[in-house]
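Trainee: Would you mind keeping the following structure in view while I ask a few things?
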There are 2 protein chains.
Amino acid sequence: MSLRMQYTIGQVAEKSNLSIHTLRYYEKEGLLPFIKRNGSGIRIYEDEHIEWLKFICCLRDTGMSISQLKDFVELTVQGDATVEQRIQMLELQKQTVQEQVNTLMSYIGMIDFKIGMYAGQAKDGRESAGQPE
Amino acid sequence: MSLRMQYTIGQVAEKSNLSIHTLRYYEKEGLLPFIKRNGSGIRIYEDEHIEWLKFICCLRDTGMSISQLKDFVELTVQGDATVEQRIQMLELQKQTVQEQVNTLMSYIGMIDFKIGMYAGQAKDGRESAGQPE
DNA sequence: GCTTGACTTAGAGCTTGCTCCAGGGGCTAT
DNA sequence: ATAGCCCCTGGAGCAAGCTCTAAGTCAAGC
């Protein structure tokens, strides 16, 4: 007997850090095909939908586009038969995230190097103005 | 007596993985205020400019906007007096990149968790189709 | 001298992902 | 029953960052 909480779009917006507009936009784009409505047409969200939104944001923030997300959702809706395919997609995504991390770490190195150069200049003032390098 | 190589926009496009369009766009937006022209109005790039472009891409790819980049370039053009300010900007940027790395690593964890869930479903096939969760 | 190809400009157009607006519905409290 | 609030829809608008087009210049090779 799990007590299942229900939420309106405004409550979900607060919980998910997405705007109401964005939530409706995502639904329109097919990212939330399972949200039910009450008699007045009001969207009713439940806890699992909020979890799903968090996962969507994870994929979105790692570079997956809305339409790719839609493809992923459609696979999910199709059920068991597509589990392997979804696992493959996620493995691929995981790999690209790892590459992103590597790239960002190399960027930290570049920024550090530049900071070092500037720090040297700040001491002995040998910069030739107007020539970023 | 350093031999200083010179490049046309097409050569720089190849070397920098930016399109010719993008290079001209960046110049128009003030990110490359130091590119000279030859007698016919053709842009002449040198090695240090290509280095600068790589650094610009580093900052851009870590979330700095074109207009922020422009601000940074303007400080650089002003010379020594702004070195401290530029160091501060880069320190701040470095910090945000580190936060991005942390976020991405937590996303890898989320993706892994999801893969684990799917892998479980693939084995015992207890997914309820149409209910992403 | 004509073609080819890479360069020039100004400015229009495109894509993505929101963001907002007008106009309206329905519950709840006074 | 009127106000206040949150909800709804369809569609317009917006910002960023390119991306492309039209029309033209220039230098080299045949």
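We label chains A, B, ... in the order they appear in the structure tokens, count residues from 1 in each chain, and number ligands from 1 in the order shown.
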Output chain A as a JSON list (two decimals) with N, CA and C atoms, in the first residue's frame, after least-squares fitting it to chain B on all in-order C-alpha pairs.

Mentor:
[["chain", "number", "residue", "atom", "x", "y", "z"],
["A", 1, "MET", "N", 65.89, 35.21, -35.41],
["A", 1, "MET", "CA", 65.32, 35.21, -36.77],
["A", 1, "MET", "C", 64.30, 34.09, -36.91],
["A", 2, "SER", "N", 63.13, 34.30, -36.24],
["A", 2, "SER", "CA", 62.09, 33.29, -36.36],
["A", 2, "SER", "C", 61.37, 33.46, -37.70],
["A", 3, "LEU", "N", 61.19, 32.33, -38.35],
["A", 3, "LEU", "CA", 60.46, 32.35, -39.61],
["A", 3, "LEU", "C", 58.97, 32.41, -39.30],
["A", 4, "ARG", "N", 58.32, 33.53, -39.61],
["A", 4, "ARG", "CA", 56.90, 33.57, -39.25],
["A", 4, "ARG", "C", 56.00, 33.23, -40.42],
["A", 5, "MET", "N", 55.31, 32.14, -40.21],
["A", 5, "MET", "CA", 54.40, 31.62, -41.23],
["A", 5, "MET", "C", 53.15, 32.49, -41.30],
["A", 6, "GLN", "N", 52.59, 32.57, -42.51],
["A", 6, "GLN", "CA", 51.34, 33.29, -42.68],
["A", 6, "GLN", "C", 50.32, 32.38, -43.35],
["A", 7, "TYR", "N", 49.07, 32.61, -43.04],
["A", 7, "TYR", "CA", 48.01, 31.73, -43.54],
["A", 7, "TYR", "C", 46.81, 32.53, -44.02],
["A", 8, "THR", "N", 46.14, 31.98, -45.01],
["A", 8, "THR", "CA", 44.86, 32.56, -45.45],
["A", 8, "THR", "C", 43.75, 31.96, -44.60],
["A", 9, "ILE", "N", 42.58, 32.52, -44.77],
["A", 9, "ILE", "CA", 41.46, 32.07, -43.95],
["A", 9, "ILE", "C", 41.12, 30.60, -44.19],
["A", 10, "GLY", "N", 41.27, 30.16, -45.43],
["A", 10, "GLY", "CA", 40.97, 28.77, -45.75],
["A", 10, "GLY", "C", 41.93, 27.81, -45.04],
["A", 11, "GLN", "N", 43.20, 28.19, -45.00],
["A", 11, "GLN", "CA", 44.19, 27.36, -44.31],
["A", 11, "GLN", "C", 43.91, 27.31, -42.81],
["A", 12, "VAL", "N", 43.54, 28.46, -42.27],
["A", 12, "VAL", "CA", 43.24, 28.52, -40.84],
["A", 12, "VAL", "C", 42.00, 27.69, -40.52],
["A", 13, "ALA", "N", 41.04, 27.74, -41.42],
["A", 13, "ALA", "CA", 39.82, 26.95, -41.22],
["A", 13, "ALA", "C", 40.18, 25.47, -41.08],
["A", 14, "GLU", "N", 41.07, 25.00, -41.93],
["A", 14, "GLU", "CA", 41.48, 23.59, -41.85],
["A", 14, "GLU", "C", 42.22, 23.31, -40.55],
["A", 15, "LYS", "N", 43.15, 24.19, -40.22],
["A", 15, "LYS", "CA", 43.98, 23.96, -39.03],
["A", 15, "LYS", "C", 43.19, 24.05, -37.74],
["A", 16, "SER", "N", 42.13, 24.85, -37.74],
["A", 16, "SER", "CA", 41.43, 25.13, -36.48],
["A", 16, "SER", "C", 40.12, 24.37, -36.34],
["A", 17, "ASN", "N", 39.73, 23.66, -37.40],
["A", 17, "ASN", "CA", 38.42, 22.99, -37.40],
["A", 17, "ASN", "C", 37.26, 23.95, -37.22],
["A", 18, "LEU", "N", 37.47, 25.19, -37.60],
["A", 18, "LEU", "CA", 36.37, 26.14, -37.65],
["A", 18, "LEU", "C", 36.09, 26.40, -39.13],
["A", 19, "SER", "N", 34.86, 26.74, -39.47],
["A", 19, "SER", "CA", 34.59, 27.04, -40.87],
["A", 19, "SER", "C", 35.05, 28.46, -41.21],
["A", 20, "ILE", "N", 35.25, 28.71, -42.47],
["A", 20, "ILE", "CA", 35.59, 30.05, -42.92],
["A", 20, "ILE", "C", 34.54, 31.04, -42.44],
["A", 21, "HIS", "N", 33.29, 30.64, -42.55],
["A", 21, "HIS", "CA", 32.19, 31.49, -42.10],
["A", 21, "HIS", "C", 32.36, 31.86, -40.62],
["A", 22, "THR", "N", 32.66, 30.85, -39.83],
["A", 22, "THR", "CA", 32.79, 31.06, -38.39],
["A", 22, "THR", "C", 33.97, 31.99, -38.09],
["A", 23, "LEU", "N", 35.07, 31.82, -38.81],
["A", 23, "LEU", "CA", 36.22, 32.69, -38.59],
["A", 23, "LEU", "C", 35.87, 34.14, -38.86],
["A", 24, "ARG", "N", 35.15, 34.38, -39.95],
["A", 24, "ARG", "CA", 34.75, 35.76, -40.25],
["A", 24, "ARG", "C", 33.75, 36.27, -39.22],
["A", 25, "TYR", "N", 32.86, 35.36, -38.82],
["A", 25, "TYR", "CA", 31.88, 35.72, -37.79],
["A", 25, "TYR", "C", 32.58, 36.11, -36.48],
["A", 26, "TYR", "N", 33.54, 35.34, -36.07],
["A", 26, "TYR", "CA", 34.26, 35.65, -34.84],
["A", 26, "TYR", "C", 34.99, 36.99, -34.95],
["A", 27, "GLU", "N", 35.53, 37.25, -36.11],
["A", 27, "GLU", "CA", 36.21, 38.53, -36.29],
["A", 27, "GLU", "C", 35.22, 39.67, -36.18],
["A", 28, "LYS", "N", 34.06, 39.49, -36.84],
["A", 28, "LYS", "CA", 33.02, 40.52, -36.81],
["A", 28, "LYS", "C", 32.55, 40.77, -35.38],
["A", 29, "GLU", "N", 32.53, 39.70, -34.58],
["A", 29, "GLU", "CA", 32.06, 39.81, -33.19],
["A", 29, "GLU", "C", 33.16, 40.33, -32.26],
["A", 30, "GLY", "N", 34.32, 40.64, -32.80],
["A", 30, "GLY", "CA", 35.37, 41.23, -31.99],
["A", 30, "GLY", "C", 36.29, 40.26, -31.29],
["A", 31, "LEU", "N", 36.26, 39.00, -31.71],
["A", 31, "LEU", "CA", 37.11, 38.01, -31.05],
["A", 31, "LEU", "C", 38.52, 37.96, -31.64],
["A", 32, "LEU", "N", 38.71, 38.62, -32.79],
["A", 32, "LEU", "CA", 40.02, 38.60, -33.45],
["A", 32, "LEU", "C", 40.35, 40.01, -33.96],
["A", 33, "PRO", "N", 40.62, 40.93, -33.05],
["A", 33, "PRO", "CA", 40.78, 42.33, -33.46],
["A", 33, "PRO", "C", 42.17, 42.63, -34.02],
["A", 34, "PHE", "N", 42.98, 41.60, -34.16],
["A", 34, "PHE", "CA", 44.40, 41.85, -34.50],
["A", 34, "PHE", "C", 44.78, 41.23, -35.83],
["A", 35, "ILE", "N", 43.78, 40.74, -36.59],
["A", 35, "ILE", "CA", 44.11, 40.12, -37.88],
["A", 35, "ILE", "C", 44.35, 41.23, -38.90],
["A", 36, "LYS", "N", 45.51, 41.21, -39.54],
["A", 36, "LYS", "CA", 45.85, 42.21, -40.55],
["A", 36, "LYS", "C", 45.34, 41.78, -41.92],
["A", 37, "ARG", "N", 45.37, 42.71, -42.84],
["A", 37, "ARG", "CA", 44.99, 42.39, -44.23],
["A", 37, "ARG", "C", 46.15, 42.73, -45.15],
["A", 38, "ASN", "N", 46.19, 42.07, -46.30],
["A", 38, "ASN", "CA", 47.19, 42.46, -47.31],
["A", 38, "ASN", "C", 46.58, 43.54, -48.21],
["A", 39, "GLY", "N", 47.30, 43.92, -49.23],
["A", 39, "GLY", "CA", 46.84, 45.01, -50.08],
["A", 39, "GLY", "C", 45.47, 44.78, -50.70],
["A", 40, "SER", "N", 45.11, 43.52, -50.91],
["A", 40, "SER", "CA", 43.82, 43.22, -51.55],
["A", 40, "SER", "C", 42.70, 43.00, -50.55],
["A", 41, "GLY", "N", 42.98, 43.25, -49.27],
["A", 41, "GLY", "CA", 41.94, 43.07, -48.28],
["A", 41, "GLY", "C", 41.84, 41.65, -47.74],
["A", 42, "ILE", "N", 42.77, 40.79, -48.19],
["A", 42, "ILE", "CA", 42.76, 39.39, -47.74],
["A", 42, "ILE", "C", 43.31, 39.30, -46.32],
["A", 43, "ARG", "N", 42.60, 38.53, -45.46],
["A", 43, "ARG", "CA", 43.06, 38.35, -44.08],
["A", 43, "ARG", "C", 44.34, 37.53, -44.03],
["A", 44, "ILE", "N", 45.31, 38.01, -43.25],
["A", 44, "ILE", "CA", 46.57, 37.29, -43.07],
["A", 44, "ILE", "C", 46.67, 36.83, -41.61],
["A", 45, "TYR", "N", 46.66, 35.52, -41.40],
["A", 45, "TYR", "CA", 46.76, 34.96, -40.05],
["A", 45, "TYR", "C", 48.18, 34.47, -39.80],
["A", 46, "GLU", "N", 48.62, 34.54, -38.56],
["A", 46, "GLU", "CA", 49.92, 33.98, -38.20],
["A", 46, "GLU", "C", 49.74, 32.92, -37.10],
["A", 47, "ASP", "N", 50.83, 32.24, -36.79],
["A", 47, "ASP", "CA", 50.75, 31.10, -35.87],
["A", 47, "ASP", "C", 50.10, 31.46, -34.53],
["A", 48, "GLU", "N", 50.48, 32.62, -34.02],
["A", 48, "GLU", "CA", 49.94, 32.98, -32.69],
["A", 48, "GLU", "C", 48.42, 33.16, -32.74],
["A", 49, "HIS", "N", 47.90, 33.55, -33.91],
["A", 49, "HIS", "CA", 46.46, 33.72, -34.03],
["A", 49, "HIS", "C", 45.75, 32.38, -33.98],
["A", 50, "ILE", "N", 46.41, 31.38, -34.55],
["A", 50, "ILE", "CA", 45.83, 30.04, -34.52],
["A", 50, "ILE", "C", 45.81, 29.52, -33.08],
["A", 51, "GLU", "N", 46.88, 29.80, -32.35],
["A", 51, "GLU", "CA", 46.91, 29.43, -30.93],
["A", 51, "GLU", "C", 45.78, 30.12, -30.17],
["A", 52, "TRP", "N", 45.62, 31.38, -30.46],
["A", 52, "TRP", "CA", 44.57, 32.15, -29.82],
["A", 52, "TRP", "C", 43.20, 31.56, -30.11],
["A", 53, "LEU", "N", 42.99, 31.16, -31.36],
["A", 53, "LEU", "CA", 41.73, 30.53, -31.74],
["A", 53, "LEU", "C", 41.48, 29.27, -30.93],
["A", 54, "LYS", "N", 42.54, 28.49, -30.73],
["A", 54, "LYS", "CA", 42.37, 27.26, -29.95],
["A", 54, "LYS", "C", 41.94, 27.59, -28.53],
["A", 55, "PHE", "N", 42.51, 28.66, -28.01],
["A", 55, "PHE", "CA", 42.14, 29.05, -26.64],
["A", 55, "PHE", "C", 40.71, 29.55, -26.59],
["A", 56, "ILE", "N", 40.34, 30.31, -27.59],
["A", 56, "ILE", "CA", 38.96, 30.77, -27.71],
["A", 56, "ILE", "C", 37.99, 29.59, -27.72],
["A", 57, "CYS", "N", 38.33, 28.56, -28.47],
["A", 57, "CYS", "CA", 37.47, 27.38, -28.55],
["A", 57, "CYS", "C", 37.38, 26.69, -27.20],
["A", 58, "CYS", "N", 38.49, 26.68, -26.49],
["A", 58, "CYS", "CA", 38.50, 26.10, -25.14],
["A", 58, "CYS", "C", 37.50, 26.82, -24.25],
["A", 59, "LEU", "N", 37.55, 28.14, -24.27],
["A", 59, "LEU", "CA", 36.63, 28.91, -23.42],
["A", 59, "LEU", "C", 35.19, 28.76, -23.90],
["A", 60, "ARG", "N", 35.02, 28.81, -25.22],
["A", 60, "ARG", "CA", 33.67, 28.66, -25.78],
["A", 60, "ARG", "C", 33.07, 27.29, -25.39],
["A", 61, "ASP", "N", 33.88, 26.24, -25.54],
["A", 61, "ASP", "CA", 33.38, 24.89, -25.26],
["A", 61, "ASP", "C", 33.13, 24.63, -23.79],
["A", 62, "THR", "N", 33.62, 25.53, -22.95],
["A", 62, "THR", "CA", 33.34, 25.37, -21.53],
["A", 62, "THR", "C", 32.24, 26.33, -21.09],
["A", 63, "GLY", "N", 31.53, 26.88, -22.08],
["A", 63, "GLY", "CA", 30.33, 27.63, -21.76],
["A", 63, "GLY", "C", 30.44, 29.15, -21.80],
["A", 64, "MET", "N", 31.60, 29.67, -22.19],
["A", 64, "MET", "CA", 31.70, 31.12, -22.27],
["A", 64, "MET", "C", 31.01, 31.58, -23.56],
["A", 65, "SER", "N", 30.19, 32.62, -23.45],
["A", 65, "SER", "CA", 29.47, 33.08, -24.63],
["A", 65, "SER", "C", 30.36, 33.96, -25.49],
["A", 66, "ILE", "N", 29.93, 34.17, -26.71],
["A", 66, "ILE", "CA", 30.67, 35.02, -27.64],
["A", 66, "ILE", "C", 30.90, 36.40, -27.03],
["A", 67, "SER", "N", 29.89, 36.93, -26.36],
["A", 67, "SER", "CA", 30.04, 38.30, -25.86],
["A", 67, "SER", "C", 30.97, 38.36, -24.65],
["A", 68, "GLN", "N", 30.97, 37.30, -23.85],
["A", 68, "GLN", "CA", 31.93, 37.23, -22.76],
["A", 68, "GLN", "C", 33.35, 37.11, -23.32],
["A", 69, "LEU", "N", 33.46, 36.31, -24.37],
["A", 69, "LEU", "CA", 34.77, 36.16, -25.02],
["A", 69, "LEU", "C", 35.24, 37.51, -25.54],
["A", 70, "LYS", "N", 34.29, 38.25, -26.08],
["A", 70, "LYS", "CA", 34.64, 39.58, -26.59],
["A", 70, "LYS", "C", 35.17, 40.46, -25.46],
["A", 71, "ASP", "N", 34.49, 40.42, -24.32],
["A", 71, "ASP", "CA", 34.95, 41.19, -23.17],
["A", 71, "ASP", "C", 36.39, 40.80, -22.81],
["A", 72, "PHE", "N", 36.63, 39.51, -22.81],
["A", 72, "PHE", "CA", 37.96, 39.01, -22.46],
["A", 72, "PHE", "C", 39.01, 39.52, -23.44],
["A", 73, "VAL", "N", 38.66, 39.47, -24.72],
["A", 73, "VAL", "CA", 39.59, 39.95, -25.75],
["A", 73, "VAL", "C", 39.87, 41.44, -25.55],
["A", 74, "GLU", "N", 38.84, 42.18, -25.21],
["A", 74, "GLU", "CA", 39.03, 43.62, -25.03],
["A", 74, "GLU", "C", 39.97, 43.91, -23.86],
["A", 75, "LEU", "N", 39.86, 43.13, -22.82],
["A", 75, "LEU", "CA", 40.80, 43.28, -21.70],
["A", 75, "LEU", "C", 42.22, 43.01, -22.17],
["A", 76, "THR", "N", 42.35, 41.96, -22.95],
["A", 76, "THR", "CA", 43.68, 41.58, -23.44],
["A", 76, "THR", "C", 44.29, 42.69, -24.26],
["A", 77, "VAL", "N", 43.47, 43.29, -25.11],
["A", 77, "VAL", "CA", 43.95, 44.35, -25.98],
["A", 77, "VAL", "C", 44.43, 45.56, -25.17],
["A", 78, "GLN", "N", 43.79, 45.74, -24.03],
["A", 78, "GLN", "CA", 44.18, 46.88, -23.19],
["A", 78, "GLN", "C", 45.55, 46.74, -22.55],
["A", 79, "GLY", "N", 46.05, 45.51, -22.53],
["A", 79, "GLY", "CA", 47.42, 45.31, -22.06],
["A", 79, "GLY", "C", 47.56, 45.05, -20.57],
["A", 80, "ASP", "N", 48.77, 45.27, -20.08],
["A", 80, "ASP", "CA", 49.18, 44.87, -18.74],
["A", 80, "ASP", "C", 48.20, 45.23, -17.63],
["A", 81, "ALA", "N", 47.59, 46.39, -17.75],
["A", 81, "ALA", "CA", 46.77, 46.87, -16.65],
["A", 81, "ALA", "C", 45.64, 45.91, -16.29],
["A", 82, "THR", "N", 45.27, 45.07, -17.23],
["A", 82, "THR", "CA", 44.11, 44.20, -17.00],
["A", 82, "THR", "C", 44.49, 42.76, -16.68],
["A", 83, "VAL", "N", 45.77, 42.50, -16.51],
["A", 83, "VAL", "CA", 46.20, 41.12, -16.30],
["A", 83, "VAL", "C", 45.52, 40.49, -15.10],
["A", 84, "GLU", "N", 45.44, 41.24, -14.00],
["A", 84, "GLU", "CA", 44.81, 40.68, -12.80],
["A", 84, "GLU", "C", 43.38, 40.29, -13.05],
["A", 85, "GLN", "N", 42.68, 41.16, -13.76],
["A", 85, "GLN", "CA", 41.28, 40.90, -14.03],
["A", 85, "GLN", "C", 41.10, 39.65, -14.90],
["A", 86, "ARG", "N", 42.00, 39.51, -15.87],
["A", 86, "ARG", "CA", 41.93, 38.34, -16.74],
["A", 86, "ARG", "C", 42.22, 37.07, -15.96],
["A", 87, "ILE", "N", 43.19, 37.15, -15.06],
["A", 87, "ILE", "CA", 43.49, 35.98, -14.24],
["A", 87, "ILE", "C", 42.26, 35.59, -13.42],
["A", 88, "GLN", "N", 41.59, 36.60, -12.88],
["A", 88, "GLN", "CA", 40.37, 36.31, -12.12],
["A", 88, "GLN", "C", 39.32, 35.63, -12.98],
["A", 89, "MET", "N", 39.14, 36.15, -14.19],
["A", 89, "MET", "CA", 38.15, 35.54, -15.09],
["A", 89, "MET", "C", 38.49, 34.08, -15.36],
["A", 90, "LEU", "N", 39.77, 33.84, -15.61],
["A", 90, "LEU", "CA", 40.17, 32.47, -15.94],
["A", 90, "LEU", "C", 40.05, 31.55, -14.73],
["A", 91, "GLU", "N", 40.37, 32.08, -13.55],
["A", 91, "GLU", "CA", 40.20, 31.26, -12.34],
["A", 91, "GLU", "C", 38.74, 30.87, -12.17],
["A", 92, "LEU", "N", 37.87, 31.84, -12.42],
["A", 92, "LEU", "CA", 36.44, 31.58, -12.31],
["A", 92, "LEU", "C", 36.01, 30.53, -13.33],
["A", 93, "GLN", "N", 36.50, 30.70, -14.54],
["A", 93, "GLN", "CA", 36.14, 29.76, -15.59],
["A", 93, "GLN", "C", 36.64, 28.36, -15.26],
["A", 94, "LYS", "N", 37.84, 28.31, -14.73],
["A", 94, "LYS", "CA", 38.42, 27.02, -14.35],
["A", 94, "LYS", "C", 37.53, 26.33, -13.32],
["A", 95, "GLN", "N", 37.05, 27.14, -12.39],
["A", 95, "GLN", "CA", 36.18, 26.60, -11.35],
["A", 95, "GLN", "C", 34.89, 26.04, -11.96],
["A", 96, "THR", "N", 34.31, 26.80, -12.90],
["A", 96, "THR", "CA", 33.06, 26.29, -13.50],
["A", 96, "THR", "C", 33.34, 25.02, -14.30],
["A", 97, "VAL", "N", 34.51, 24.93, -14.92],
["A", 97, "VAL", "CA", 34.83, 23.70, -15.65],
["A", 97, "VAL", "C", 34.94, 22.53, -14.68],
["A", 98, "GLN", "N", 35.54, 22.80, -13.52],
["A", 98, "GLN", "CA", 35.65, 21.72, -12.55],
["A", 98, "GLN", "C", 34.27, 21.27, -12.09],
["A", 99, "GLU", "N", 33.36, 22.23, -11.93],
["A", 99, "GLU", "CA", 31.99, 21.86, -11.56],
["A", 99, "GLU", "C", 31.32, 21.06, -12.68],
["A", 100, "GLN", "N", 31.60, 21.47, -13.92],
["A", 100, "GLN", "CA", 31.05, 20.71, -15.05],
["A", 100, "GLN", "C", 31.53, 19.26, -15.00],
["A", 101, "VAL", "N", 32.82, 19.10, -14.72],
["A", 101, "VAL", "CA", 33.37, 17.74, -14.64],
["A", 101, "VAL", "C", 32.67, 16.95, -13.55],
["A", 102, "ASN", "N", 32.49, 17.56, -12.38],
["A", 102, "ASN", "CA", 31.80, 16.86, -11.29],
["A", 102, "ASN", "C", 30.39, 16.46, -11.70],
["A", 103, "THR", "N", 29.69, 17.40, -12.31],
["A", 103, "THR", "CA", 28.32, 17.11, -12.75],
["A", 103, "THR", "C", 28.31, 15.95, -13.73],
["A", 104, "LEU", "N", 29.21, 16.01, -14.71],
["A", 104, "LEU", "CA", 29.24, 14.95, -15.71],
["A", 104, "LEU", "C", 29.54, 13.60, -15.07],
["A", 105, "MET", "N", 30.42, 13.58, -14.07],
["A", 105, "MET", "CA", 30.73, 12.31, -13.44],
["A", 105, "MET", "C", 29.53, 11.78, -12.68],
["A", 106, "SER", "N", 28.75, 12.69, -12.10],
["A", 106, "SER", "CA", 27.54, 12.20, -11.43],
["A", 106, "SER", "C", 26.54, 11.68, -12.47],
["A", 107, "TYR", "N", 26.55, 12.29, -13.65],
["A", 107, "TYR", "CA", 25.67, 11.82, -14.72],
["A", 107, "TYR", "C", 26.08, 10.41, -15.16],
["A", 108, "ILE", "N", 27.37, 10.19, -15.22],
["A", 108, "ILE", "CA", 27.83, 8.83, -15.57],
["A", 108, "ILE", "C", 27.26, 7.83, -14.56],
["A", 109, "GLY", "N", 27.26, 8.24, -13.30],
["A", 109, "GLY", "CA", 26.68, 7.37, -12.28],
["A", 109, "GLY", "C", 25.20, 7.10, -12.52],
["A", 110, "MET", "N", 24.46, 8.15, -12.91],
["A", 110, "MET", "CA", 23.04, 7.98, -13.17],
["A", 110, "MET", "C", 22.79, 7.06, -14.35],
["A", 111, "ILE", "N", 23.60, 7.25, -15.39],
["A", 111, "ILE", "CA", 23.43, 6.42, -16.59],
["A", 111, "ILE", "C", 23.75, 4.97, -16.26],
["A", 112, "ASP", "N", 24.82, 4.78, -15.49],
["A", 112, "ASP", "CA", 25.18, 3.42, -15.08],
["A", 112, "ASP", "C", 24.06, 2.77, -14.29],
["A", 113, "PHE", "N", 23.48, 3.53, -13.40],
["A", 113, "PHE", "CA", 22.39, 3.01, -12.58],
["A", 113, "PHE", "C", 21.23, 2.55, -13.46],
["A", 114, "LYS", "N", 20.92, 3.39, -14.43],
["A", 114, "LYS", "CA", 19.82, 3.08, -15.36],
["A", 114, "LYS", "C", 20.15, 1.84, -16.18],
["A", 115, "ILE", "N", 21.38, 1.77, -16.64],
["A", 115, "ILE", "CA", 21.79, 0.59, -17.40],
["A", 115, "ILE", "C", 21.60, -0.66, -16.54],
["A", 116, "GLY", "N", 21.97, -0.53, -15.27],
["A", 116, "GLY", "CA", 21.81, -1.66, -14.35],
["A", 116, "GLY", "C", 20.35, -2.08, -14.24],
["A", 117, "MET", "N", 19.46, -1.10, -14.14],
["A", 117, "MET", "CA", 18.03, -1.41, -14.06],
["A", 117, "MET", "C", 17.55, -2.12, -15.31],
["A", 118, "TYR", "N", 17.95, -1.59, -16.45],
["A", 118, "TYR", "CA", 17.52, -2.20, -17.72],
["A", 118, "TYR", "C", 18.07, -3.61, -17.84],
["A", 119, "ALA", "N", 19.32, -3.79, -17.43],
["A", 119, "ALA", "CA", 19.93, -5.12, -17.53],
["A", 119, "ALA", "C", 19.15, -6.10, -16.67],
["A", 120, "GLY", "N", 18.69, -5.67, -15.50],
["A", 120, "GLY", "CA", 17.86, -6.52, -14.65],
["A", 120, "GLY", "C", 16.57, -6.89, -15.36],
["A", 121, "GLN", "N", 15.92, -5.90, -15.96],
["A", 121, "GLN", "CA", 14.68, -6.14, -16.70],
["A", 121, "GLN", "C", 14.87, -7.09, -17.86],
["A", 122, "ALA", "N", 16.00, -6.92, -18.54],
["A", 122, "ALA", "CA", 16.26, -7.76, -19.71],
["A", 122, "ALA", "C", 16.28, -9.23, -19.29],
["A", 123, "LYS", "N", 16.74, -9.48, -18.08],
["A", 123, "LYS", "CA", 16.82, -10.88, -17.61],
["A", 123, "LYS", "C", 15.46, -11.44, -17.21],
["A", 124, "ASP", "N", 14.74, -10.72, -16.34],
["A", 124, "ASP", "CA", 13.51, -11.31, -15.84],
["A", 124, "ASP", "C", 12.22, -10.68, -16.39],
["A", 125, "GLY", "N", 12.41, -9.76, -17.34],
["A", 125, "GLY", "CA", 11.26, -9.21, -18.07],
["A", 125, "GLY", "C", 10.09, -8.76, -17.22],
["A", 126, "ARG", "N", 10.37, -7.90, -16.22],
["A", 126, "ARG", "CA", 9.24, -7.45, -15.39],
["A", 126, "ARG", "C", 8.91, -5.97, -15.60],
["A", 127, "GLU", "N", 9.21, -5.50, -16.77],
["A", 127, "GLU", "CA", 8.89, -4.09, -17.02],
["A", 127, "GLU", "C", 7.41, -3.94, -17.36],
["A", 128, "SER", "N", 6.80, -2.89, -16.85],
["A", 128, "SER", "CA", 5.45, -2.58, -17.27],
["A", 128, "SER", "C", 5.56, -1.57, -18.42],
["A", 129, "ALA", "N", 5.32, -2.04, -19.61],
["A", 129, "ALA", "CA", 5.50, -1.20, -20.79],
["A", 129, "ALA", "C", 4.69, 0.09, -20.68],
["A", 130, "GLY", "N", 5.19, 1.16, -21.25],
["A", 130, "GLY", "CA", 4.48, 2.42, -21.23],
["A", 130, "GLY", "C", 4.67, 3.21, -19.96],
["A", 131, "GLN", "N", 5.48, 2.73, -19.05],
["A", 131, "GLN", "CA", 5.73, 3.48, -17.81],
["A", 131, "GLN", "C", 7.21, 3.70, -17.57],
["A", 132, "PRO", "N", 7.79, 4.60, -18.32],
["A", 132, "PRO", "CA", 9.20, 4.92, -18.06],
["A", 132, "PRO", "C", 9.31, 5.35, -16.62],
["A", 133, "GLU", "N", 10.34, 4.96, -15.94],
["A", 133, "GLU", "CA", 10.47, 5.41, -14.54],
["A", 133, "GLU", "C", 11.91, 5.56, -14.15]]

Trainee: Near chain A, which residues of chain D fall within 10 Å when you count only C-alpha atoms (C1' of nucleotides), and what do they look like as a list of chain:residue names?

Mentor: D:DC6, D:DC7, D:DC8

Trainee: From a DSSP calculation on the backbone, collect every residue of segment 12-131 of chain A in strand (DSSP E) and output the set as number ranges by chain.

Mentor: A: 36-37, 43-46

Trainee: So that I have them on file, write out the residues from the current selection with N, CA and C atoms, as a tab-separated table (two decimals), in the first residue's frame.

Mentor:
chain	number	residue	atom	x	y	z
A	36	LYS	N	-1.02	11.80	-17.20
A	36	LYS	CA	-2.48	11.75	-17.26
A	36	LYS	C	-3.08	13.11	-16.95
A	37	ARG	N	-4.36	13.24	-17.23
A	37	ARG	CA	-5.06	14.49	-16.88
A	37	ARG	C	-6.23	14.15	-15.96
A	43	ARG	N	-2.89	18.53	-15.84
A	43	ARG	CA	-1.89	17.46	-15.82
A	43	ARG	C	-1.64	16.98	-14.39
A	44	ILE	N	-1.62	15.66	-14.23
A	44	ILE	CA	-1.33	15.05	-12.93
A	44	ILE	C	0.00	14.30	-13.02
A	45	TYR	N	1.00	14.77	-12.28
A	45	TYR	CA	2.31	14.12	-12.27
A	45	TYR	C	2.46	13.28	-11.02
A	46	GLU	N	3.21	12.19	-11.11
A	46	GLU	CA	3.52	11.38	-9.94
A	46	GLU	C	5.04	11.30	-9.75

Trainee: State, in Å with one decimal place, the distance from atom C1' of DA12 of chain D to atom C1' of DT16 of chain C.

Mentor: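 Computed distance, atom C1' of DA12 of chain D to atom C1' of DT16 of chain C, equals 16.3 Å.
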
Trainee: Set the distance at 12 Å and use only C-alpha atoms (C1' of nucleotides): which residues neighbour DA22 of chain D once local chain neighbours fewer than 3 positions away are removed? I'd like the list as a list in words.

Mentor: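 Once the nearby chain positions are removed, what remains is DT9, DA10, DG11 and DA12 of chain C.
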
Trainee: Give the residues of chain C that lie within 10 Å of chain A; count only C-alpha atoms (C1' of nucleotides), and format the answer as a list in words.

Mentor: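 Those within range of chain A come out as DT16, DG17, DC18, DT19, DC20, DG25 and DG26 of chain C.
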
Trainee: What is the atom C1' of DT15 of chain C to atom C1' of DG24 of chain D distance in Å?

Mentor: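 Interatomic distance here is 29.3 Å.
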